[in-house]
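Printed here is query.cif (mmCIF, C-alpha atoms):
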data_target
loop_
_atom_site.label_atom_id
_atom_site.label_comp_id
_atom_site.auth_asym_id
_atom_site.auth_seq_id
_atom_site.Cartn_x
_atom_site.Cartn_y
_atom_site.Cartn_z
CA MET A 733 13.72 6.18 16.00
CA LEU A 734 12.66 9.05 18.20
CA ASP A 735 9.64 8.80 20.44
CA ILE A 736 6.63 9.68 18.28
CA ALA A 737 5.40 12.56 20.44
CA VAL A 738 8.91 14.03 20.66
CA ALA A 739 9.39 13.70 16.88
CA TYR A 740 6.02 15.35 16.25
CA ASN A 741 6.84 18.43 18.31
CA LYS A 742 10.51 18.69 17.40
CA TYR A 743 9.98 18.58 13.64
CA LYS A 744 6.58 20.19 13.14
CA PHE A 745 8.46 23.24 11.82
CA LEU A 746 9.28 21.17 8.72
CA GLY A 747 5.60 20.99 7.75
CA ASN A 748 5.16 24.74 8.19
CA GLU A 749 8.33 25.48 6.23
CA PHE A 750 7.13 23.12 3.50
CA LEU A 751 3.79 24.98 3.17
CA THR A 752 5.64 28.31 3.04
CA TRP A 753 7.89 26.92 0.29
CA LEU A 754 4.76 25.70 -1.51
CA TRP A 755 3.35 29.22 -1.51
CA TYR A 756 6.67 30.42 -3.00
CA VAL A 757 6.51 27.66 -5.63
CA ILE A 758 2.94 28.64 -6.61
CA GLU A 759 3.59 32.39 -6.66
CA ASN A 760 6.68 31.92 -8.79
CA GLU A 761 4.95 29.49 -11.14
CA ILE A 762 7.56 26.79 -10.64
CA SER A 763 6.48 23.66 -12.49
CA ILE A 764 4.78 21.14 -10.20
CA ASN A 765 5.37 18.48 -12.84
CA GLU A 766 9.11 19.08 -12.64
CA LEU A 767 9.17 19.14 -8.85
CA THR A 768 7.15 15.95 -8.53
CA LYS A 769 8.75 14.26 -11.57
CA ILE A 770 5.24 13.26 -12.65
CA LYS A 771 5.18 13.36 -16.42
CA ASP A 772 1.99 11.59 -17.46
CA LYS A 773 -0.47 14.24 -16.28
CA GLN A 774 -0.67 18.01 -16.29
CA ILE A 775 -0.63 19.36 -12.74
CA VAL A 776 -1.56 22.91 -11.75
CA LEU A 777 -1.59 24.07 -8.13
CA LYS A 778 -3.13 27.30 -6.87
CA ILE A 779 -3.78 28.89 -3.51
CA GLY A 780 -7.40 28.23 -2.53
CA ASN A 781 -9.63 30.25 -0.28
CA SER A 782 -7.65 30.33 2.96
CA ILE A 783 -4.15 30.63 4.32
CA VAL A 784 -3.01 30.84 7.93
CA LEU A 785 0.39 32.13 9.03
CA GLU A 786 2.03 32.18 12.41
CA ASN A 787 4.81 34.37 13.66
CA SER A 788 6.64 33.50 16.83
CA LEU A 789 7.11 36.56 19.04
CA GLY A 790 9.27 34.78 21.63
CA ASP A 791 8.31 33.59 25.13
CA ASP A 792 5.70 31.25 23.60
CA ALA A 793 3.75 34.26 22.28
CA LYS A 794 2.51 33.90 18.73
CA GLU A 795 0.90 36.15 16.18
CA LYS A 796 -1.63 34.39 13.96
CA ILE A 797 -2.79 35.78 10.63
CA SER A 798 -5.76 34.14 8.87
CA ILE A 799 -6.81 35.17 5.38
CA LYS A 800 -10.06 33.72 4.11
CA GLY A 801 -12.29 34.20 1.11
CA ASP A 802 -12.21 33.48 -2.60
CA ASP A 803 -9.79 35.79 -4.42
CA ALA A 804 -8.74 37.34 -1.10
CA GLY A 805 -5.69 39.60 -1.23
CA LEU A 806 -2.63 38.05 0.37
CA GLU A 807 -0.91 41.33 1.33
CA GLU A 808 -1.24 40.64 5.06
CA GLY A 809 0.26 37.23 4.45
CA THR A 810 3.31 38.61 2.65
CA MET A 811 3.68 41.19 5.41
CA ALA A 812 3.64 38.36 7.98
CA LEU A 813 6.31 36.51 5.96
CA LYS A 814 8.50 39.61 6.02
CA LYS A 815 8.17 39.69 9.79
CA GLY A 816 9.38 36.09 10.00
CA GLY A 817 6.08 34.22 9.83
CA VAL A 818 5.51 30.80 8.31
CA VAL A 819 2.45 29.24 6.73
CA THR A 820 0.79 26.82 9.15
CA GLU A 821 -2.29 25.94 7.09
CA ILE A 822 -3.17 26.38 3.44
CA ASN A 823 -6.15 25.63 1.25
CA LEU A 824 -5.15 24.51 -2.23
CA ASN A 825 -6.80 24.05 -5.60
CA LEU A 826 -5.20 21.20 -7.46
CA LYS A 827 -5.92 20.54 -11.09
CA ILE A 828 -4.80 17.22 -12.54
CA ASP A 829 -5.49 17.30 -16.27
CA GLU A 830 -9.16 18.41 -16.25
CA ALA A 831 -10.04 17.14 -12.77
CA GLU A 832 -10.21 19.64 -9.90
CA TYR A 833 -9.52 18.97 -6.24
CA ARG A 834 -9.69 21.23 -3.19
CA PHE A 835 -8.20 20.56 0.20
CA THR A 836 -6.50 22.10 3.20
CA ILE A 837 -3.16 20.94 4.60
CA LYS A 838 -2.09 21.67 8.14
CA GLY A 839 1.68 22.02 8.44
CA GLU A 840 2.39 20.52 11.85
CA SER A 841 0.41 17.31 11.26
CA MET A 842 0.21 17.19 7.45
CA ASN A 843 -3.43 16.26 7.96
CA ILE A 844 -5.63 16.84 4.95
CA THR A 845 -9.05 18.26 5.67
CA GLY A 846 -11.99 19.34 3.52
CA LEU A 847 -10.80 17.19 0.62
CA LYS A 848 -13.19 17.60 -2.28
CA THR A 849 -12.53 15.32 -5.20
CA PRO A 850 -14.16 15.59 -8.65
CA PRO A 851 -17.80 14.43 -8.47
CA SER A 852 -18.44 10.78 -9.21
CA GLY A 853 -21.66 9.02 -10.14
CA LYS A 854 -24.43 8.42 -7.62
CA ILE A 855 -24.68 4.98 -6.07
CA GLU A 856 -27.97 3.51 -7.28
CA GLY A 857 -27.69 0.12 -5.58
CA PRO A 858 -25.47 -2.18 -3.49
CA ASP A 859 -23.78 -3.49 -6.65
CA GLU A 860 -22.35 -0.07 -7.31
CA VAL A 861 -20.67 0.43 -3.90
CA GLU A 862 -17.41 -1.29 -4.79
CA GLY A 863 -17.02 0.74 -7.99
CA ALA A 864 -17.68 3.99 -6.11
CA VAL A 865 -15.21 3.03 -3.37
CA LEU A 866 -12.46 2.16 -5.85
CA GLU A 867 -13.06 5.38 -7.78
CA LYS A 868 -12.86 7.46 -4.58
CA ILE A 869 -9.66 5.69 -3.51
CA PHE A 870 -8.16 6.42 -6.92
CA LEU A 871 -9.12 10.11 -6.68
CA CYS A 872 -7.75 10.46 -3.12
CA SER A 873 -4.55 8.65 -4.11
CA ASN A 874 -3.96 11.26 -6.83
CA VAL A 875 -3.86 13.98 -4.19
CA PHE A 876 -1.63 12.03 -1.79
CA GLU A 877 0.76 11.09 -4.59
CA ILE A 878 1.30 14.76 -5.45
CA VAL A 879 1.50 16.00 -1.85
CA ASP A 880 4.02 13.26 -1.00
CA ALA A 881 6.10 13.95 -4.11
CA LEU A 882 6.14 17.69 -3.36
CA TYR A 883 7.12 17.08 0.26
CA SER A 884 9.87 14.69 -0.79
CA SER A 885 11.11 17.25 -3.32
CA TYR A 886 11.14 19.92 -0.59
CA ILE A 887 13.06 17.74 1.86
CA LYS A 888 15.60 16.79 -0.84
CA ARG A 889 16.24 20.47 -1.47
CA ARG A 890 16.25 21.31 2.23
CA ILE A 891 19.05 18.80 2.96
CA SER A 892 21.03 19.49 -0.20
CA ASP A 893 24.31 21.41 -0.08
CA ASN A 894 22.77 23.92 -2.49
CA TRP A 895 19.86 24.83 -0.18
CA THR A 896 21.26 28.05 1.30
CA ALA A 897 22.56 29.49 -1.96
CA GLY A 898 19.68 28.14 -4.04
CA ASP A 899 16.11 27.86 -2.78
CA LEU A 900 16.63 29.69 0.52
CA ALA A 901 18.27 32.69 -1.15
CA ALA A 902 15.53 32.80 -3.81
CA MET A 903 12.81 32.57 -1.17
CA ARG A 904 14.34 35.32 0.94
CA LYS A 905 14.47 37.52 -2.15
CA TRP A 906 10.79 36.71 -2.85
CA VAL A 907 9.77 37.44 0.73
CA GLN A 908 11.39 40.89 0.56
CA ILE A 909 9.65 41.94 -2.69
CA MET B 607 -16.67 10.82 8.39
CA GLY B 608 -17.12 8.49 5.47
CA LEU B 609 -14.80 7.79 2.60
CA LEU B 610 -17.59 8.54 0.15
CA SER B 611 -18.61 11.85 1.70
CA SER B 612 -18.22 14.95 -0.43
CA SER B 613 -15.73 16.54 1.94
CA LEU B 614 -13.15 14.29 3.52
CA SER B 615 -10.68 14.74 6.38
CA VAL B 616 -7.82 12.31 6.48
CA ALA B 617 -5.08 11.26 8.87
CA ARG B 618 -2.54 8.94 7.30
CA TYR B 619 -0.51 6.10 8.76
CA ARG B 620 2.20 3.62 7.91
CA VAL B 621 1.48 0.04 8.99
CA GLU B 622 4.48 -1.62 10.64
CA GLY B 623 4.88 -5.33 11.29
CA GLU B 624 4.32 -8.62 9.54
CA ILE B 625 1.35 -10.95 9.46
CA GLU B 626 2.19 -14.62 9.26
CA GLY B 627 -0.13 -16.78 7.19
CA SER B 628 -3.10 -15.56 5.20
CA LEU B 629 -3.42 -11.78 5.43
CA VAL B 630 -7.11 -11.69 4.50
CA GLU B 631 -8.02 -14.42 6.99
CA THR B 632 -5.99 -12.82 9.81
CA VAL B 633 -7.59 -9.44 9.17
CA LYS B 634 -11.04 -11.02 9.06
CA GLN B 635 -10.49 -12.76 12.37
CA GLY B 636 -9.16 -9.54 13.92
CA LEU B 637 -12.20 -7.63 12.73
CA LYS B 638 -14.64 -10.30 13.93
CA LYS B 639 -12.99 -10.61 17.32
CA ASN B 640 -13.01 -6.87 17.86
CA ALA B 641 -16.30 -6.03 16.17
CA VAL B 642 -18.39 -3.47 18.00
CA THR B 643 -20.82 -5.15 20.32
CA GLU B 644 -24.48 -4.40 19.77
CA ILE B 645 -25.51 -5.34 23.28
CA GLU B 646 -25.44 -2.09 25.18
CA ASP B 647 -23.68 -2.27 28.50
CA GLU B 648 -25.67 0.20 30.58
CA TYR B 649 -22.61 1.02 32.69
CA ALA B 650 -20.16 1.51 29.82
CA GLU B 651 -19.46 5.12 28.96
CA ILE B 652 -17.81 4.18 25.69
CA THR B 653 -17.96 1.15 23.35
CA ILE B 654 -15.44 0.81 20.53
CA GLY B 655 -15.14 -1.73 17.76
CA TRP B 656 -15.08 -2.50 14.05
CA THR B 657 -18.08 -2.71 11.81
CA PRO B 658 -18.31 -3.34 8.04
CA PHE B 659 -18.14 -0.28 5.78
CA GLU B 660 -21.51 -1.11 4.26
CA SER B 661 -23.21 -1.99 7.51
CA PRO B 662 -22.52 0.37 10.40
CA PHE B 663 -25.27 -1.06 12.63
CA GLU B 664 -24.91 -4.75 11.82
CA PRO B 665 -21.30 -5.66 12.62
CA ASP B 666 -21.31 -8.95 10.74
CA PHE B 667 -18.09 -9.60 8.83
CA GLU B 668 -19.42 -12.91 7.46
CA LYS B 669 -22.32 -11.20 5.75
CA PHE B 670 -20.54 -8.02 4.64
CA THR B 671 -17.15 -7.76 2.98
CA PHE B 672 -14.14 -5.72 4.03
CA THR B 673 -12.17 -6.35 0.81
CA PHE B 674 -12.62 -3.91 -2.04
CA GLY B 675 -10.27 -4.75 -4.90
CA THR B 676 -6.86 -5.04 -3.26
CA TYR B 677 -7.86 -2.75 -0.39
CA PHE B 678 -9.31 -3.42 3.06
CA LEU B 679 -12.09 -1.03 3.99
CA PHE B 680 -13.99 -1.14 7.26
CA THR B 681 -15.30 1.26 9.87
CA LEU B 682 -14.35 2.16 13.41
CA ARG B 683 -17.46 2.76 15.46
CA ILE B 684 -17.25 4.65 18.72
CA ASP B 685 -20.46 4.66 20.76
CA LYS B 686 -20.27 7.18 23.54
CA LYS B 687 -22.61 8.20 26.29
CA SER B 688 -22.53 11.70 27.62
CA VAL B 689 -24.82 13.56 29.93
CA PRO B 690 -25.19 17.29 29.33
CA SER B 691 -23.82 19.12 32.37
CA LYS B 692 -26.90 21.32 32.64
CA ILE B 693 -29.11 18.24 33.12
CA VAL B 694 -26.78 17.03 35.89
CA GLN B 695 -26.86 20.49 37.48
CA LYS B 696 -30.66 20.57 37.41
CA GLN B 697 -31.06 17.06 38.85
CA VAL B 698 -28.49 17.74 41.59
CA ALA B 699 -30.29 20.96 42.57
CA MET B 700 -33.62 19.10 42.69
CA GLU B 701 -32.14 16.30 44.83
CA ILE B 702 -30.56 18.78 47.25
CA THR B 703 -33.88 20.65 47.61
CA LYS B 704 -35.65 17.36 48.25
CA ARG B 705 -33.15 16.26 50.90
CA LEU B 706 -33.20 19.60 52.68
CA LYS B 707 -36.99 19.58 52.76
CA GLU B 708 -37.11 16.03 54.09
CA SER B 709 -34.45 16.55 56.78
CA GLY B 710 -35.23 20.13 57.74
CA ARG B 711 -31.56 21.06 57.37
CA GLU B 712 -30.45 24.38 55.90
CA PHE B 713 -27.58 23.12 53.77
CA VAL B 714 -25.82 19.97 52.62
CA SER B 715 -22.10 19.36 53.18
CA LYS B 716 -19.57 19.53 50.35
CA ASN B 717 -19.03 15.76 50.56
CA GLU B 718 -22.74 15.04 50.36
CA LYS B 719 -23.04 17.34 47.37
CA THR B 720 -20.22 15.42 45.65
CA ASP B 721 -21.95 12.11 46.45
CA ILE B 722 -25.26 13.41 45.07
CA LYS B 723 -23.54 14.56 41.89
CA GLU B 724 -21.86 11.16 41.42
CA MET B 725 -25.12 9.31 42.06
CA ILE B 726 -27.07 11.52 39.63
CA THR B 727 -24.40 11.25 36.91
CA GLU B 728 -24.30 7.46 37.23
CA LYS B 729 -28.10 7.23 37.12
CA LEU B 730 -28.34 9.45 34.06
CA MET B 731 -25.49 7.59 32.34
CA ARG B 732 -27.41 4.33 32.67
CA GLN B 733 -30.52 5.88 31.18
CA MET B 734 -28.74 7.70 28.36
CA PRO B 735 -28.46 5.94 25.00
CA SER B 736 -24.97 6.05 23.50
CA VAL B 737 -24.33 8.16 20.41
CA PRO B 738 -22.59 6.25 17.59
CA ASN B 739 -19.83 7.86 15.53
CA MET B 740 -18.43 6.11 12.49
CA TYR B 741 -15.00 6.65 10.92
CA ASP B 742 -13.88 4.72 7.84
CA VAL B 743 -10.51 2.98 7.73
CA LEU B 744 -8.85 2.28 4.39
CA TRP B 745 -5.91 -0.10 4.60
CA ILE B 746 -3.68 -0.45 1.54
CA PRO B 747 -1.65 -3.64 2.12
CA GLU B 748 0.43 -3.29 -1.06
CA ASP B 749 2.28 -0.27 0.33
CA ASN B 750 1.56 -0.79 4.05
CA SER B 751 -0.33 2.46 4.32
CA LEU B 752 -3.61 3.34 5.97
CA MET B 753 -6.01 6.23 5.66
CA PHE B 754 -8.31 7.14 8.55
CA CYS B 755 -11.26 9.34 7.68
CA THR B 756 -11.05 11.79 10.55
CA THR B 757 -8.38 13.98 12.07
CA GLN B 758 -9.98 14.02 15.55
CA LYS B 759 -7.27 13.30 18.09
CA ALA B 760 -9.37 11.04 20.35
CA ALA B 761 -10.65 8.93 17.45
CA ASN B 762 -7.11 8.55 16.08
CA GLU B 763 -5.86 7.38 19.47
CA GLU B 764 -8.67 4.83 19.68
CA LEU B 765 -7.82 3.61 16.17
CA GLU B 766 -4.15 3.13 17.03
CA THR B 767 -4.99 1.11 20.13
CA LEU B 768 -7.71 -1.07 18.60
CA PHE B 769 -5.66 -1.71 15.44
CA LYS B 770 -2.72 -2.96 17.51
CA ASN B 771 -4.97 -5.16 19.62
CA SER B 772 -6.78 -6.56 16.59
CA PHE B 773 -3.95 -7.28 14.16
CA LYS B 774 -0.77 -7.08 16.30
CA LEU B 775 0.51 -4.44 13.89
CA LYS B 776 1.67 -0.95 14.77
CA LEU B 777 0.33 2.20 13.18
CA ILE B 778 2.83 5.02 12.71
CA ARG B 779 1.10 8.34 12.21
CA LEU B 780 2.37 10.30 9.22
CA PHE B 781 3.44 13.84 10.10
CA PRO B 782 6.40 15.91 8.88
CA PHE B 783 9.13 13.84 10.54
CA THR B 784 7.69 10.35 9.94
CA MET B 785 6.83 11.24 6.33
CA ALA B 786 10.45 12.19 5.65
CA ASP B 787 11.99 9.44 7.78
CA GLY B 788 9.90 6.68 6.20
CA CYS B 789 10.19 7.92 2.61
CA LYS B 790 11.90 5.44 0.29
CA ASP B 791 13.51 8.32 -1.63
CA PHE B 792 15.99 8.91 1.19
CA SER B 793 19.22 7.10 2.10
CA ASP B 794 20.47 6.59 5.67
CA GLN B 795 22.80 9.53 5.10
CA ASP B 796 19.82 11.68 4.07
CA ARG B 797 17.95 10.56 7.19
CA ASP B 798 20.84 11.71 9.37
CA LYS B 799 20.69 15.10 7.68
CA ILE B 800 16.90 15.28 8.18
CA ALA B 801 17.31 14.48 11.89
CA LYS B 802 19.76 17.37 12.22
CA LEU B 803 17.51 19.98 10.56
CA VAL B 804 16.59 23.03 12.62
CA PRO B 805 14.07 25.81 11.86
CA ILE B 806 15.16 28.55 9.49
CA LYS B 807 13.86 32.05 8.85
CA TYR B 808 12.68 32.83 5.37
CA SER B 809 12.83 36.52 6.17
CA ARG B 810 16.21 38.22 6.47
#
Since I need it in another form, could you write the structure as structure tokens?
Amino acid sequence: MLDIAVAYNKYKFLGNEFLTWLWYVIENEISINELTKIKDKQIVLKIGNSIVLENSLGDDAKEKISIKGDDAGLEEGTMALKKGGVVTEINLNLKIDEAEYRFTIKGESMNITGLKTPPSGKIEGPDEVEGAVLEKIFLCSNVFEIVDALYSSYIKRRISDNWTAGDLAAMRKWVQI
Amino acid sequence: MGLLSSSLSVARYRVEGEIEGSLVETVKQGLKKNAVTEIEDEYAEITIGWTPFESPFEPDFEKFTFTFGTYFLFTLRIDKKSVPSKIVQKQVAMEITKRLKESGREFVSKNEKTDIKEMITEKLMRQMPSVPNMYDVLWIPEDNSLMFCTTQKAANEELETLFKNSFKLKLIRLFPFTMADGCKDFSDQDRDKIAKLVPIKYSR
């Protein structure tokens, strides 16, 4: 096992590439259920209200493009992709059956921030704390289950012999449109 | 930074290592032994310890539970003292003026100024109450995972250290490499391939 700090820096590109792939998956309406192999619930994923891309310009110089706002146009983002950029942070809307979740994932750390789960009942007394905790854990676990399954699906594709001719070729075609 | 807050930030970990004997009892002892101390040490800049999820200011693990269903839930409390730099600046300036007036000198040396600053900072630190920050820790023993309700680097580093000291278990932070490397979906051959991956360009 590599030193943790070395592994973090050496492979943070994988998180950014994963988020870029996720954008491609969403834009091309590829089934999240099929990718995650989760069959017992209907999963819909959409871009939320922010996306951040980074384009390396060499010599440690970087160009950063942030797009924020509900229903914001993503033209600058696609332009950045064409120039070789990758998504470094993305806000997502996740719908599992009728329940809606919002959160932001940062590529290099895979940290989840601003996670908003469906509202649960107010805690009226100490007896209700355990129920509220267990409900919140269940709701958070739903998000992690899907993020982990999507990441695993991405990595499987990324190391498969079919990657270059399959997903990578399709993504490059999408980027150029 | 609470699990039940409406907007949650999460850093995730894998728990590595084995606990011999009763898991619940070992965790309880680890929490009790490393509970945050309520007696303020006037010289301590920072105090770190565990406190029950339901009782941030009464760190009593006999009175309050840390088991919720099959999960362990407790809170990391970091009490930190800090003196605003502008207060230090003001007090240093006042002390210098006082000394100059008393001695009739026109200036103080660089070394004396440094000594005054150190003395003032130490004095203010003693007087300053510490500010408590609470971050919830959700430990899921059934899959050896852990969720920490903040992504702040300093708090995560404190968690990793205190967790190791308390339970003699190691926390492995989940980020792109460790998520792939620790995933049960992958064989050793897959892991070799993951280790050899290099960045690609999605643009032509």
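Protein, DNA and RNA residues at most 6 Å from (-17.1, 4.7, 10.8), with all atoms listed in the file, are these: Thr681, Leu682, Arg683, Met740, Tyr741 and Asp742 of chain B.
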Subject >> Near-Lys744 (chain A) list (7 Å; all atoms listed in the file; drop same-chain fewer than 3 positions) as a list of chain:residue names >> reply: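 Within the cut-off, the hits are A:Tyr740, A:Asn741, A:Gly747, A:Asn748, A:Glu840, B:Pro782.
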Subject >> Residues selected by the PyMOL selection byres ((chain B and resi 625-635) around 10), written as a PyMOL selection string >> reply: chain B and resi 622-624+636-641+667-668+671-673+678+747+772-775
Could you dump the residues just selected with C-alpha atoms as a compact mmCIF listing (two decimals), keeping the file's coordinate frame?
# COMPACT_ATOMS: atom_id res chain seq x y z
CA GLU B 622 4.48 -1.62 10.64
CA GLY B 623 4.88 -5.33 11.29
CA GLU B 624 4.32 -8.62 9.54
CA GLY B 636 -9.16 -9.54 13.92
CA LEU B 637 -12.20 -7.63 12.73
CA LYS B 638 -14.64 -10.30 13.93
CA LYS B 639 -12.99 -10.61 17.32
CA ASN B 640 -13.01 -6.87 17.86
CA ALA B 641 -16.30 -6.03 16.17
CA PHE B 667 -18.09 -9.60 8.83
CA GLU B 668 -19.42 -12.91 7.46
CA THR B 671 -17.15 -7.76 2.98
CA PHE B 672 -14.14 -5.72 4.03
CA THR B 673 -12.17 -6.35 0.81
CA PHE B 678 -9.31 -3.42 3.06
CA PRO B 747 -1.65 -3.64 2.12
CA SER B 772 -6.78 -6.56 16.59
CA PHE B 773 -3.95 -7.28 14.16
CA LYS B 774 -0.77 -7.08 16.30
CA LEU B 775 0.51 -4.44 13.89
Subject >> Contact residues (chain B, partner chain A, 7 Å, only C-alpha atoms) as an MDAnalysis selection string >> reply: chainID B and resid 610 612:617 674 757 781:783 786 799:800 805 807:810
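Between CA of Leu785 (chain A) and CA of Glu877 (chain A) there is a distance of 25.1 Å.
Residues captured in this structure file are B:Leu637, B:Asn640, B:Ala641, B:Val642, B:Asp647, B:Glu648, B:Pro658, B:Phe659, B:Ser661, B:Pro662, B:Pro665, B:Phe680, B:Thr681, B:Leu682, B:Arg683, B:Ile684, B:Asp685, B:Lys686, B:Lys687, B:Arg732, according to the PyMOL selection byres ((chain B and resi 649-657) around 7).
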**OP:** Fewer than 4 positions away in the same chain doesn't count, so skip those; otherwise give me all residues within 8 Å of Lys796 (chain A), counting all atoms listed in the file, as a list in words.
**Re:**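 In the requested format, the answer is Val784, Leu785, Glu786 and Asn787 of chain A.
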**OP:** Determine the nearest neighbour of Ala831 (chain A) from the options A:Asp893, A:Asp791, A:Leu806, A:Val776, counting only C-alpha atoms.
**Re:**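 Counting only C-alpha atoms, the residue closest to Ala831 (chain A) is A:Val776.
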Coordinate excerpt as a tab-separated table (two decimals), in the first residue's frame: region 893-908 of chain A, C-alpha atoms:
chain	number	residue	atom	x	y	z
A	893	ASP	CA	-9.78	-3.66	-22.23
A	894	ASN	CA	-12.77	-2.01	-23.90
A	895	TRP	CA	-12.21	1.40	-22.28
A	896	THR	CA	-10.41	3.15	-25.16
A	897	ALA	CA	-12.71	1.91	-27.91
A	898	GLY	CA	-15.86	2.09	-25.77
A	899	ASP	CA	-16.46	4.75	-23.13
A	900	LEU	CA	-13.43	6.92	-23.94
A	901	ALA	CA	-14.25	7.08	-27.65
A	902	ALA	CA	-17.91	7.88	-26.86
A	903	MET	CA	-16.91	10.57	-24.38
A	904	ARG	CA	-14.48	12.18	-26.81
A	905	LYS	CA	-17.23	12.26	-29.41
A	906	TRP	CA	-19.58	13.87	-26.84
A	907	VAL	CA	-16.98	16.44	-25.84
A	908	GLN	CA	-16.54	17.53	-29.46
